[in-house]
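Have a look at upload.cif; it's mmCIF, C-alpha atoms:
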data_coords
loop_
_atom_site.label_atom_id
_atom_site.label_comp_id
_atom_site.auth_asym_id
_atom_site.auth_seq_id
_atom_site.Cartn_x
_atom_site.Cartn_y
_atom_site.Cartn_z
CA MET A 1 27.63 -4.94 90.23
CA MET A 2 26.81 -5.63 93.88
CA GLY A 3 29.98 -3.81 94.94
CA THR A 4 28.97 -0.75 92.95
CA MET A 5 25.52 -0.71 94.56
CA GLU A 6 27.03 -1.04 98.05
CA ARG A 7 29.41 1.88 97.41
CA LEU A 8 26.49 3.98 96.13
CA LEU A 9 24.38 3.23 99.21
CA LEU A 10 27.32 3.98 101.53
CA ALA A 11 27.90 7.28 99.76
CA MET A 12 24.25 8.21 100.17
CA GLU A 13 24.37 7.35 103.87
CA ASN A 14 27.56 9.35 104.51
CA GLN A 15 27.12 12.58 106.41
CA GLY A 16 26.65 15.57 104.18
CA PRO A 17 26.56 19.28 104.95
CA GLY A 18 24.93 20.08 108.28
CA GLY A 19 25.28 16.48 109.49
CA GLU A 20 22.54 15.12 107.23
CA SER A 21 23.02 12.18 104.90
CA LEU A 22 22.15 12.60 101.25
CA LEU A 23 19.07 10.43 101.80
CA GLY A 24 18.15 12.58 104.80
CA SER A 25 18.50 15.78 102.77
CA ILE A 26 16.32 14.36 100.01
CA LYS A 27 13.75 13.28 102.57
CA ILE A 28 13.66 16.75 104.17
CA ALA A 29 13.28 18.38 100.75
CA VAL A 30 10.76 15.97 99.24
CA LEU A 31 8.42 15.43 102.22
CA PRO A 32 6.95 18.96 102.17
CA ILE A 33 6.27 18.59 98.43
CA VAL A 34 4.62 15.20 99.01
CA LYS A 35 2.40 16.70 101.73
CA VAL A 36 1.41 19.53 99.41
CA PHE A 37 0.70 17.11 96.57
CA THR A 38 -1.37 14.86 98.88
CA MET A 39 -3.61 17.73 100.03
CA CYS A 40 -3.98 18.99 96.45
CA PHE A 41 -4.96 15.48 95.35
CA LEU A 42 -7.63 15.36 98.06
CA GLY A 43 -8.96 18.70 96.79
CA LEU A 44 -8.99 17.29 93.27
CA LEU A 45 -10.87 14.22 94.51
CA MET A 46 -13.42 16.36 96.38
CA ALA A 47 -14.02 18.42 93.23
CA SER A 48 -14.31 15.45 90.89
CA LYS A 49 -17.67 14.37 89.50
CA TYR A 50 -17.50 11.19 91.61
CA VAL A 51 -17.56 13.11 94.93
CA ASN A 52 -18.53 16.68 93.94
CA ILE A 53 -18.23 18.19 97.42
CA LEU A 54 -16.17 21.09 96.04
CA PRO A 55 -17.97 22.31 92.91
CA ALA A 56 -16.84 25.49 91.13
CA SER A 57 -19.10 27.68 93.28
CA GLY A 58 -17.77 26.08 96.46
CA ARG A 59 -14.16 26.60 95.35
CA ARG A 60 -14.86 30.27 94.65
CA LEU A 61 -16.28 30.67 98.15
CA LEU A 62 -13.31 28.80 99.66
CA ASN A 63 -10.83 30.95 97.68
CA GLY A 64 -12.66 34.07 98.87
CA LEU A 65 -12.54 32.90 102.49
CA VAL A 66 -8.81 32.19 102.26
CA PHE A 67 -7.98 35.47 100.54
CA SER A 68 -10.24 37.73 102.64
CA LEU A 69 -9.86 36.19 106.12
CA LEU A 70 -7.54 33.23 106.67
CA LEU A 71 -4.44 34.51 104.83
CA PRO A 72 -4.66 38.04 106.35
CA CYS A 73 -5.01 36.46 109.82
CA LEU A 74 -1.92 34.32 109.26
CA ILE A 75 0.11 37.28 107.98
CA PHE A 76 -1.02 39.61 110.78
CA SER A 77 -0.25 37.17 113.60
CA GLN A 78 3.07 35.82 112.32
CA LEU A 79 4.54 39.01 110.84
CA GLY A 80 3.41 41.16 113.76
CA GLN A 81 5.11 38.89 116.30
CA ALA A 82 8.37 38.69 114.36
CA VAL A 83 8.84 42.22 113.02
CA THR A 84 10.55 45.20 114.67
CA LEU A 85 11.76 48.48 113.22
CA GLN A 86 15.37 47.22 113.23
CA LYS A 87 14.36 43.96 111.57
CA MET A 88 12.51 45.84 108.82
CA LEU A 89 15.73 47.73 108.12
CA ASP A 90 17.67 44.45 108.13
CA TRP A 91 15.12 42.78 105.83
CA TRP A 92 15.26 45.43 103.09
CA PHE A 93 16.58 42.92 100.55
CA ILE A 94 13.38 40.81 100.68
CA PRO A 95 11.21 43.31 98.73
CA MET A 96 14.23 44.11 96.54
CA ASN A 97 14.56 40.39 95.77
CA VAL A 98 10.89 40.28 94.72
CA ILE A 99 11.50 43.18 92.32
CA LEU A 100 14.70 41.61 90.94
CA SER A 101 12.91 38.28 90.54
CA SER A 102 10.17 39.93 88.47
CA ILE A 103 12.67 41.87 86.33
CA VAL A 104 14.95 38.90 85.65
CA GLY A 105 12.02 36.57 85.07
CA SER A 106 10.47 39.02 82.62
CA ILE A 107 13.75 39.34 80.72
CA ILE A 108 13.99 35.55 80.46
CA GLY A 109 10.33 35.50 79.46
CA PHE A 110 10.96 38.05 76.70
CA ILE A 111 13.89 36.01 75.33
CA VAL A 112 11.90 32.76 75.43
CA ALA A 113 8.85 34.40 73.84
CA SER A 114 11.04 35.87 71.08
CA ILE A 115 12.40 32.39 70.32
CA VAL A 116 9.15 30.42 70.65
CA ARG A 117 6.90 33.06 68.99
CA PRO A 118 3.61 32.33 70.81
CA PRO A 119 0.38 32.75 68.85
CA TYR A 120 -1.05 36.25 68.66
CA PRO A 121 -1.92 37.93 71.01
CA PHE A 122 -0.11 35.95 73.74
CA PHE A 123 3.42 37.41 73.55
CA LYS A 124 3.09 39.55 76.71
CA PHE A 125 1.05 36.77 78.33
CA THR A 126 4.04 34.44 77.89
CA ILE A 127 6.43 36.99 79.42
CA ILE A 128 4.21 37.45 82.48
CA HIS A 129 3.65 33.74 83.15
CA ILE A 130 7.40 33.12 83.03
CA GLY A 131 8.41 36.23 84.96
CA ILE A 132 5.93 36.34 87.85
CA GLY A 133 6.27 33.54 90.39
CA ASN A 134 4.21 32.66 93.45
CA ILE A 135 5.89 34.51 96.33
CA GLY A 136 3.12 34.00 98.88
CA ASN A 137 0.82 31.01 99.06
CA VAL A 138 3.07 28.17 97.89
CA PRO A 139 6.17 29.29 99.89
CA LEU A 140 4.00 29.63 103.00
CA VAL A 141 2.74 26.09 102.51
CA LEU A 142 6.25 24.72 101.95
CA ILE A 143 7.66 26.50 105.01
CA ALA A 144 4.79 25.23 107.17
CA ALA A 145 5.26 21.65 105.95
CA LEU A 146 9.06 21.82 106.33
CA CYS A 147 9.04 23.35 109.81
CA ARG A 148 6.42 20.89 111.08
CA ASP A 149 9.08 18.16 110.91
CA GLN A 150 11.02 18.06 114.19
CA ASN A 151 14.15 17.01 112.27
CA ASN A 152 14.09 20.04 109.97
CA PRO A 153 17.56 21.61 109.45
CA PHE A 154 16.47 25.05 110.69
CA GLY A 155 16.07 23.99 114.33
CA ASP A 156 13.12 24.81 116.58
CA SER A 157 9.86 24.24 114.71
CA LEU A 158 8.07 27.27 116.16
CA LYS A 159 10.91 29.69 115.41
CA CYS A 160 11.35 28.13 111.96
CA SER A 161 7.68 28.64 111.14
CA THR A 162 7.40 32.15 112.61
CA ASP A 163 10.56 33.47 110.91
CA GLY A 164 9.76 31.85 107.57
CA THR A 165 6.19 33.18 107.53
CA ALA A 166 7.39 36.66 108.54
CA TYR A 167 10.00 36.79 105.76
CA ILE A 168 7.51 35.65 103.12
CA SER A 169 4.81 38.03 104.34
CA PHE A 170 7.23 40.96 104.33
CA GLY A 171 7.65 40.63 100.57
CA GLN A 172 3.99 40.24 99.68
CA TRP A 173 3.11 43.94 99.61
CA VAL A 174 5.67 44.52 96.86
CA GLY A 175 4.34 41.52 94.95
CA ALA A 176 0.81 42.93 95.13
CA ILE A 177 1.92 46.29 93.73
CA ILE A 178 3.73 44.52 90.87
CA LEU A 179 0.68 42.35 90.25
CA TYR A 180 -1.90 45.11 90.04
CA THR A 181 0.27 47.58 88.11
CA TYR A 182 2.81 45.83 85.87
CA VAL A 183 0.95 42.53 85.38
CA PHE A 184 -2.45 44.21 85.02
CA ASN A 185 -1.17 46.48 82.23
CA MET A 186 0.87 43.77 80.48
CA LEU A 187 -2.20 41.55 80.22
CA ALA A 188 -4.34 44.26 78.65
CA PRO A 189 -6.44 42.95 75.73
CA PRO A 190 -5.02 43.50 72.21
CA PRO A 191 -6.25 46.32 69.93
CA GLU A 192 -9.02 44.02 68.70
CA GLY A 193 -10.50 44.21 72.22
CA THR A 194 -10.46 40.49 73.00
CA PHE A 195 -8.10 37.50 73.27
CA ASP A 196 -10.65 35.30 71.47
CA ILE A 197 -9.40 36.15 67.99
CA ASP A 198 -10.35 34.06 64.98
CA ASN A 199 -7.73 34.40 62.26
CA GLU A 200 -10.40 34.26 59.62
CA ARG A 201 -12.58 36.90 61.17
CA LEU A 202 -10.82 39.45 63.34
CA PRO A 203 -13.16 41.58 65.43
CA LEU A 204 -13.04 45.30 64.65
CA LYS A 205 -12.57 47.86 67.39
CA SER A 206 -15.33 49.97 65.88
CA SER A 207 -17.82 47.10 66.15
CA THR A 208 -17.45 46.90 69.91
CA THR A 209 -20.39 48.57 71.55
CA LYS A 210 -20.42 50.02 75.00
CA SER A 211 -22.45 47.10 76.32
CA ASP A 212 -19.95 44.57 74.91
CA VAL A 213 -16.94 46.04 76.68
CA VAL A 214 -15.85 44.11 79.74
CA PRO A 215 -15.41 46.15 82.94
CA GLU A 216 -11.60 45.94 82.76
CA GLN A 217 -11.58 47.69 79.38
CA VAL A 218 -13.74 50.59 80.49
CA PRO A 219 -11.68 53.75 81.26
CA LEU A 220 -11.20 54.51 84.92
CA LEU A 221 -13.11 57.73 84.41
CA THR A 222 -15.49 58.33 81.54
CA GLN A 223 -15.63 61.71 79.81
CA GLU A 224 -18.74 62.65 81.77
CA GLU A 225 -17.13 61.64 85.07
CA ALA A 226 -13.99 63.60 84.24
CA GLU A 227 -16.04 66.69 83.45
CA GLU A 228 -17.97 66.22 86.69
CA VAL A 229 -14.74 65.99 88.69
CA GLU A 230 -13.43 69.12 86.96
CA SER A 231 -16.66 71.06 87.63
CA ASN A 232 -16.64 69.93 91.25
CA LEU A 233 -13.08 71.13 91.62
CA VAL A 234 -14.04 74.55 90.26
CA SER A 235 -17.22 74.87 92.34
CA SER A 236 -15.50 73.80 95.52
CA SER A 237 -12.61 76.26 95.24
CA ALA A 238 -13.95 78.08 98.27
CA SER A 239 -13.80 74.97 100.38
CA GLY A 240 -10.29 73.57 100.79
CA LYS A 241 -11.50 70.39 102.50
CA SER A 242 -13.99 69.52 99.77
CA LYS A 243 -11.40 70.18 97.08
CA MET A 244 -8.84 67.97 98.81
CA LYS A 245 -11.43 65.21 99.26
CA ILE A 246 -12.27 65.25 95.54
CA ILE A 247 -8.57 65.19 94.57
CA LEU A 248 -7.91 62.24 96.91
CA ALA A 249 -10.93 60.38 95.52
CA PHE A 250 -9.67 61.01 91.98
CA LEU A 251 -6.17 59.73 92.84
CA TYR A 252 -7.68 56.71 94.61
CA GLU A 253 -9.50 55.74 91.42
CA LYS A 254 -6.68 56.66 89.05
CA LEU A 255 -3.94 54.75 90.90
CA LYS A 256 -6.11 51.61 91.30
CA LEU A 257 -5.53 51.71 95.08
CA LYS A 258 -8.67 49.63 95.61
CA GLN A 259 -7.03 46.79 93.66
CA ILE A 260 -3.65 47.18 95.38
CA LEU A 261 -5.01 47.44 98.93
CA GLN A 262 -6.23 43.85 99.15
CA PRO A 263 -6.82 42.16 102.56
CA PRO A 264 -3.37 40.43 102.71
CA ILE A 265 -1.64 43.73 101.93
CA ILE A 266 -3.67 45.61 104.55
CA ALA A 267 -2.79 42.87 107.08
CA SER A 268 0.92 43.21 106.20
CA ILE A 269 0.84 47.00 106.60
CA LEU A 270 -1.00 46.76 109.93
CA ALA A 271 1.38 44.09 111.23
CA MET A 272 4.47 46.10 110.22
CA THR A 273 3.06 49.33 111.68
CA LEU A 274 1.98 47.80 115.00
CA GLY A 275 5.03 45.56 115.28
CA ALA A 276 7.46 48.44 114.67
CA VAL A 277 6.10 50.46 117.64
CA PRO A 278 7.33 48.81 120.90
CA PHE A 279 4.34 49.99 122.98
CA LEU A 280 1.78 48.65 120.48
CA LYS A 281 3.74 45.41 120.00
CA LYS A 282 3.67 44.75 123.77
CA LEU A 283 -0.03 45.64 123.82
CA ILE A 284 -1.06 43.20 121.05
CA PHE A 285 1.59 40.63 120.11
CA THR A 286 3.27 39.45 123.34
CA PRO A 287 1.71 36.40 125.07
CA ASP A 288 0.88 38.28 128.29
CA ALA A 289 -0.49 41.36 126.47
CA PRO A 290 -4.06 42.50 127.29
CA LEU A 291 -5.03 42.31 123.58
CA PHE A 292 -3.18 39.09 122.79
CA PHE A 293 -6.54 37.29 122.60
CA PHE A 294 -7.04 38.98 119.22
CA THR A 295 -3.62 37.82 117.95
CA ASP A 296 -4.31 34.31 119.29
CA SER A 297 -7.65 34.23 117.47
CA CYS A 298 -5.89 35.26 114.25
CA MET A 299 -3.33 32.49 114.78
CA ILE A 300 -6.11 29.89 115.12
CA LEU A 301 -7.80 31.11 111.95
CA GLY A 302 -4.47 31.39 110.14
CA GLU A 303 -3.71 27.72 110.77
CA ALA A 304 -6.70 26.83 108.58
CA MET A 305 -5.24 28.74 105.61
CA ILE A 306 -2.81 26.04 104.46
CA PRO A 307 -5.28 23.11 104.11
CA CYS A 308 -8.03 25.32 102.67
CA ILE A 309 -5.87 26.87 99.97
CA LEU A 310 -4.41 23.49 98.97
CA LEU A 311 -7.86 21.92 98.73
CA ALA A 312 -8.99 24.85 96.56
CA LEU A 313 -5.85 24.67 94.40
CA GLY A 314 -6.29 20.93 93.87
CA GLY A 315 -9.97 21.43 93.08
CA ASN A 316 -9.13 24.08 90.48
CA LEU A 317 -7.13 21.46 88.55
CA VAL A 318 -10.19 19.23 88.08
CA ASP A 319 -10.98 20.69 84.66
CA GLY A 320 -7.48 19.94 83.38
CA PRO A 321 -5.71 22.16 80.87
CA GLY A 322 -8.94 23.05 79.06
CA SER A 323 -9.16 24.32 75.50
CA SER A 324 -6.11 26.59 75.47
CA LYS A 325 -5.06 28.43 72.31
CA LEU A 326 -1.40 28.55 73.37
CA GLY A 327 -0.42 25.21 71.87
CA PHE A 328 2.03 22.63 73.15
CA ARG A 329 5.18 24.53 72.13
CA THR A 330 4.33 27.73 74.01
CA THR A 331 2.96 25.96 77.09
CA ALA A 332 6.05 23.71 77.34
CA ALA A 333 8.32 26.75 76.93
CA ILE A 334 6.56 28.61 79.76
CA VAL A 335 6.77 25.61 82.10
CA PHE A 336 10.45 24.94 81.26
CA ALA A 337 11.53 28.57 81.56
CA ARG A 338 9.65 29.20 84.83
CA LEU A 339 10.80 26.02 86.59
CA VAL A 340 14.26 25.42 85.08
CA LEU A 341 15.72 28.66 83.66
CA VAL A 342 14.64 31.23 86.26
CA PRO A 343 15.86 29.50 89.51
CA PRO A 344 19.60 29.35 88.59
CA VAL A 345 19.61 33.09 87.86
CA GLY A 346 17.87 33.68 91.19
CA LEU A 347 20.48 31.54 92.94
CA GLY A 348 23.18 33.74 91.41
CA ILE A 349 21.41 36.92 92.61
CA VAL A 350 21.10 35.64 96.19
CA MET A 351 24.71 34.39 96.34
CA LEU A 352 25.99 37.72 94.98
CA ALA A 353 23.90 39.64 97.54
CA ASP A 354 25.36 37.41 100.28
CA LYS A 355 28.91 38.07 99.06
CA LEU A 356 28.25 41.83 99.06
CA GLY A 357 26.98 41.71 102.66
CA PHE A 358 23.39 42.66 101.88
CA LEU A 359 21.90 39.77 103.87
CA PRO A 360 21.72 39.33 107.68
CA PRO A 361 24.65 37.15 108.79
CA ASN A 362 24.07 33.53 109.82
CA ASP A 363 20.36 33.56 108.99
CA LYS A 364 19.85 30.48 106.84
CA MET A 365 16.05 30.76 106.79
CA PHE A 366 16.36 34.28 105.36
CA ARG A 367 18.49 32.96 102.48
CA PHE A 368 16.21 29.96 101.97
CA VAL A 369 13.14 32.20 101.58
CA LEU A 370 15.01 34.40 99.08
CA LEU A 371 15.89 31.32 97.04
CA LEU A 372 12.32 30.02 97.18
CA GLN A 373 11.04 33.31 95.73
CA HIS A 374 12.92 32.51 92.51
CA SER A 375 11.89 28.83 92.34
CA MET A 376 8.12 28.88 92.64
CA PRO A 377 5.60 28.08 89.88
CA THR A 378 3.65 30.84 88.15
CA SER A 379 1.64 33.02 90.51
CA VAL A 380 -1.97 31.93 91.01
CA LEU A 381 -2.92 35.61 91.41
CA SER A 382 -1.45 36.43 87.99
CA GLY A 383 -3.87 33.81 86.71
CA ALA A 384 -6.67 35.67 88.49
CA VAL A 385 -5.62 38.92 86.80
CA ALA A 386 -5.48 37.09 83.46
CA ASN A 387 -9.03 35.92 84.08
CA LEU A 388 -10.08 39.53 84.67
CA ARG A 389 -8.44 40.60 81.43
CA GLY A 390 -10.12 37.93 79.33
CA CYS A 391 -7.42 35.25 78.96
CA GLY A 392 -8.33 33.10 81.95
CA ARG A 393 -8.68 29.89 79.92
CA GLU A 394 -5.05 30.05 78.76
CA ALA A 395 -3.88 31.03 82.25
CA ALA A 396 -5.69 28.01 83.73
CA ALA A 397 -3.90 25.71 81.26
CA VAL A 398 -0.50 27.17 82.18
CA LEU A 399 -1.22 26.97 85.92
CA PHE A 400 -2.34 23.35 85.55
CA TRP A 401 0.85 22.16 83.85
CA VAL A 402 3.28 24.36 85.78
CA HIS A 403 1.96 23.11 89.13
CA ILE A 404 2.07 19.50 87.99
CA PHE A 405 5.76 19.75 87.01
CA ALA A 406 6.60 22.02 89.95
CA VAL A 407 6.21 19.03 92.27
CA ILE A 408 9.36 17.58 90.69
CA SER A 409 11.29 20.80 90.10
CA MET A 410 10.74 22.27 93.58
CA ALA A 411 11.94 19.06 95.23
CA GLY A 412 15.14 19.20 93.17
CA TRP A 413 15.80 22.88 93.86
CA ILE A 414 15.12 22.48 97.60
CA VAL A 415 17.66 19.61 97.78
CA LEU A 416 20.21 21.89 96.08
CA TYR A 417 19.45 24.87 98.33
CA LEU A 418 19.69 22.82 101.53
CA SER A 419 23.01 21.34 100.38
CA ILE A 420 24.34 24.88 99.76
CA LEU A 421 23.05 26.34 103.04
CA PHE A 422 24.05 23.48 105.36
#
Can I see the file as structure tokens?
Amino acid sequence: MMGTMERLLLAMENQGPGGESLLGSIKIAVLPIVKVFTMCFLGLLMASKYVNILPASGRRLLNGLVFSLLLPCLIFSQLGQAVTLQKMLDWWFIPMNVILSSIVGSIIGFIVASIVRPPYPFFKFTIIHIGIGNIGNVPLVLIAALCRDQNNPFGDSLKCSTDGTAYISFGQWVGAIILYTYVFNMLAPPPEGTFDIDNERLPLKSSTTKSDVVPEQVPLLTQEEAEEVESNLVSSSASGKSKMKIILAFLYEKLKLKQILQPPIIASILAMTLGAVPFLKKLIFTPDAPLFFFTDSCMILGEAMIPCILLALGGNLVDGPGSSKLGFRTTAAIVFARLVLVPPVGLGIVMLADKLGFLPPNDKMFRFVLLLQHSMPTSVLSGAVANLRGCGREAAAVLFWVHIFAVISMAGWIVLYLSILF
């Protein structure tokens, strides 16, 4: 018995890929998860009734601060410094990987939902919460925690952090479009007009009055507004500018551009635009640039994003799974499919893309980010959209359990990915 244990310990201490022992690889993979879990636990403690420093209103304000200021600052500073026009051409597979991840995840979600048969009307809800992973906040946190370690396998900590953040940020604009188009429509309320359906007493569509309709169910343009737009178009035929302005305003409302153009997306577009023009990049993003003080200020604010978002995420788990109507079977199926079934398919996609020469050569961080995009828990923002559409209670239950079990699953997948890459 002692001999077996000694052989096992020697095997674990032997050098593995990239010169790291198996224990070293596990340590590198698990430590970022432990850091994330520790900060989330502190957020949970601050939001608990025993401390109550982060009540629900405080968490909403903190989430708003992160989403409207801190995250855009981080994206703008890191992506702007890393991106060039040539790099954007080389990085084309990152947004494509986000699209493929959503398609493959949704297909797996459809298969799982067909087998599990979730309670009505949560069939599409199940597909979405399996198919749409967190491609922004959680990967950014993991990359920051991983690169902070001087012994990380990717080398220089600053380059590791800058490249990883740039790769993740470059895919976020596609994720936002998917979120506010595909996800928003898939989570539309059922014909009854609400997700709170009692089997004994189904609400009738005809009984829903105008005052009872939630804002998300109201048409983008009412009949009166449509007639007003049409009359304005006719009356302004003599003025080309006025006509064009009305058409653009109509398209702005119809295409939900206000929902798509969120602060992180605007920051990504600005960073890519300014970073792709050499003159503007030297003017803003280089250390000796006259406007670098603005980039440096964004970097300082961006550093606060990670702890704030983890405190808010941990605080949001204080209420537990709540009174979800999904049931144990559906919730377990969503968690299992998202954390166990989706990542292997994503690994196959990334390895095939590498074989076909779609990925930049010898860039291990690029491949690692692509793999992370397939291995993350359900998107927190999809939960926000679900809340808008009237099924926020069920989304909160799924997010609670999927993030609890993601601590284990992400550690396992990161160990596997590092062993493949190094």
Distance of atom CA of A:Ala271 from atom CA of A:Asp90, expressed in Å to one decimal place: 16.6 Å
Residue with smallest distance to A:Asp354 - pool A:Leu421, A:Val83, A:Ala276, A:Ile108, counting only C-alpha atoms: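 Smallest separation from A:Asp354 among the options: A:Leu421.
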Selected residue of minimal separation from A:Gly105 among A:Met272, A:Ile127, A:Ala267, A:Leu326, counting only C-alpha atoms: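 Checking each of A:Met272, A:Ile127, A:Ala267, A:Leu326 against A:Gly105, counting only C-alpha atoms, the winner is A:Ile127.
Atom CA of A:Pro287 lies 19.8 Å from atom CA of A:Gly164.
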Target residues per the PyMOL selection byres ((chain A and resi 84) around 10), formatted as a VMD selection string: chain A and resid 79 to 83 85 to 90 271 to 278 281
Spatial neighbours of A:Ile99, max dist 12 Å, only C-alpha atoms, sep filter under 4 positions, as a PyMOL selection string: chain A and resi 92-95+103-106+131-133+135+171-179+182+346+349+370+373-374
Straight-line distance linking atom CA of A:Gln150 with atom CA of A:Thr162, stated in Å to one decimal: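 Straight-line distance from atom CA of A:Gln150 to atom CA of A:Thr162 works out to 14.6 Å.
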Cut-off 9 Å around (10.1, 24.1, 115.1) with all atoms listed in the file: residues as a PyMOL selection string: chain A and resi 147-152+154-162
Result set, the PyMOL selection byres ((chain A and resi 57-70) around 7) on current file, as a count of residues only: 15
Which polymer residues have any atom within 8 Å of an atom of A:Ile284, counting only C-alpha atoms, with same-chain residues fewer than 6 positions away left out, as a PDB file with C-alpha atoms, keeping the file's coordinate frame?
ATOM      1  CA  PRO A 290      -4.060  42.500 127.290  1.00  0.00           C
ATOM      2  CA  LEU A 291      -5.030  42.310 123.580  1.00  0.00           C
ATOM      3  CA  PHE A 292      -3.180  39.090 122.790  1.00  0.00           C
ATOM      4  CA  PHE A 294      -7.040  38.980 119.220  1.00  0.00           C
ATOM      5  CA  THR A 295      -3.620  37.820 117.950  1.00  0.00           C
TER       6      THR A 295
END
Since the input lacks some atoms of stretch 130-142 of chain A, please model N, CA, C and O atoms and print them as a PDB file, in the coordinates of the input.
ATOM      1  N   ILE A 130       6.036  33.568  82.718  1.00  0.00           N
ATOM      2  CA  ILE A 130       7.400  33.120  83.030  1.00  0.00           C
ATOM      3  C   ILE A 130       7.998  33.994  84.121  1.00  0.00           C
ATOM      4  O   ILE A 130       8.694  33.505  85.020  1.00  0.00           O
ATOM      5  N   GLY A 131       7.718  35.284  84.075  1.00  0.00           N
ATOM      6  CA  GLY A 131       8.410  36.230  84.960  1.00  0.00           C
ATOM      7  C   GLY A 131       7.850  36.356  86.355  1.00  0.00           C
ATOM      8  O   GLY A 131       8.584  36.701  87.284  1.00  0.00           O
ATOM      9  N   ILE A 132       6.559  36.091  86.550  1.00  0.00           N
ATOM     10  CA  ILE A 132       5.930  36.340  87.850  1.00  0.00           C
ATOM     11  C   ILE A 132       5.675  35.018  88.564  1.00  0.00           C
ATOM     12  O   ILE A 132       4.832  34.227  88.150  1.00  0.00           O
ATOM     13  N   GLY A 133       6.419  34.779  89.620  1.00  0.00           N
ATOM     14  CA  GLY A 133       6.270  33.540  90.390  1.00  0.00           C
ATOM     15  C   GLY A 133       5.386  33.736  91.613  1.00  0.00           C
ATOM     16  O   GLY A 133       5.019  34.855  91.977  1.00  0.00           O
ATOM     17  N   ASN A 134       5.047  32.643  92.251  1.00  0.00           N
ATOM     18  CA  ASN A 134       4.210  32.660  93.450  1.00  0.00           C
ATOM     19  C   ASN A 134       5.094  32.931  94.663  1.00  0.00           C
ATOM     20  O   ASN A 134       5.827  32.052  95.114  1.00  0.00           O
ATOM     21  N   ILE A 135       5.036  34.149  95.191  1.00  0.00           N
ATOM     22  CA  ILE A 135       5.890  34.510  96.330  1.00  0.00           C
ATOM     23  C   ILE A 135       5.158  34.439  97.661  1.00  0.00           C
ATOM     24  O   ILE A 135       5.716  34.785  98.693  1.00  0.00           O
ATOM     25  N   GLY A 136       3.891  33.997  97.642  1.00  0.00           N
ATOM     26  CA  GLY A 136       3.120  34.000  98.880  1.00  0.00           C
ATOM     27  C   GLY A 136       2.591  32.652  99.280  1.00  0.00           C
ATOM     28  O   GLY A 136       3.111  32.018 100.195  1.00  0.00           O
ATOM     29  N   ASN A 137       1.552  32.186  98.595  1.00  0.00           N
ATOM     30  CA  ASN A 137       0.820  31.010  99.060  1.00  0.00           C
ATOM     31  C   ASN A 137       1.660  29.736  99.092  1.00  0.00           C
ATOM     32  O   ASN A 137       1.737  29.044 100.104  1.00  0.00           O
ATOM     33  N   VAL A 138       2.302  29.416  97.952  1.00  0.00           N
ATOM     34  CA  VAL A 138       3.070  28.170  97.890  1.00  0.00           C
ATOM     35  C   VAL A 138       4.279  28.185  98.833  1.00  0.00           C
ATOM     36  O   VAL A 138       4.512  27.199  99.553  1.00  0.00           O
ATOM     37  N   PRO A 139       5.081  29.279  98.894  1.00  0.00           N
ATOM     38  CA  PRO A 139       6.170  29.290  99.890  1.00  0.00           C
ATOM     39  C   PRO A 139       5.674  29.150 101.325  1.00  0.00           C
ATOM     40  O   PRO A 139       6.321  28.480 102.136  1.00  0.00           O
ATOM     41  N   LEU A 140       4.537  29.780 101.649  1.00  0.00           N
ATOM     42  CA  LEU A 140       4.000  29.630 103.000  1.00  0.00           C
ATOM     43  C   LEU A 140       3.658  28.183 103.310  1.00  0.00           C
ATOM     44  O   LEU A 140       3.928  27.686 104.416  1.00  0.00           O
ATOM     45  N   VAL A 141       3.093  27.497 102.330  1.00  0.00           N
ATOM     46  CA  VAL A 141       2.740  26.090 102.510  1.00  0.00           C
ATOM     47  C   VAL A 141       3.999  25.243 102.689  1.00  0.00           C
ATOM     48  O   VAL A 141       4.069  24.377 103.571  1.00  0.00           O
ATOM     49  N   LEU A 142       5.008  25.494 101.866  1.00  0.00           N
ATOM     50  CA  LEU A 142       6.250  24.720 101.950  1.00  0.00           C
ATOM     51  C   LEU A 142       6.955  24.940 103.289  1.00  0.00           C
ATOM     52  O   LEU A 142       7.442  23.991 103.909  1.00  0.00           O
TER      53      LEU A 142
END
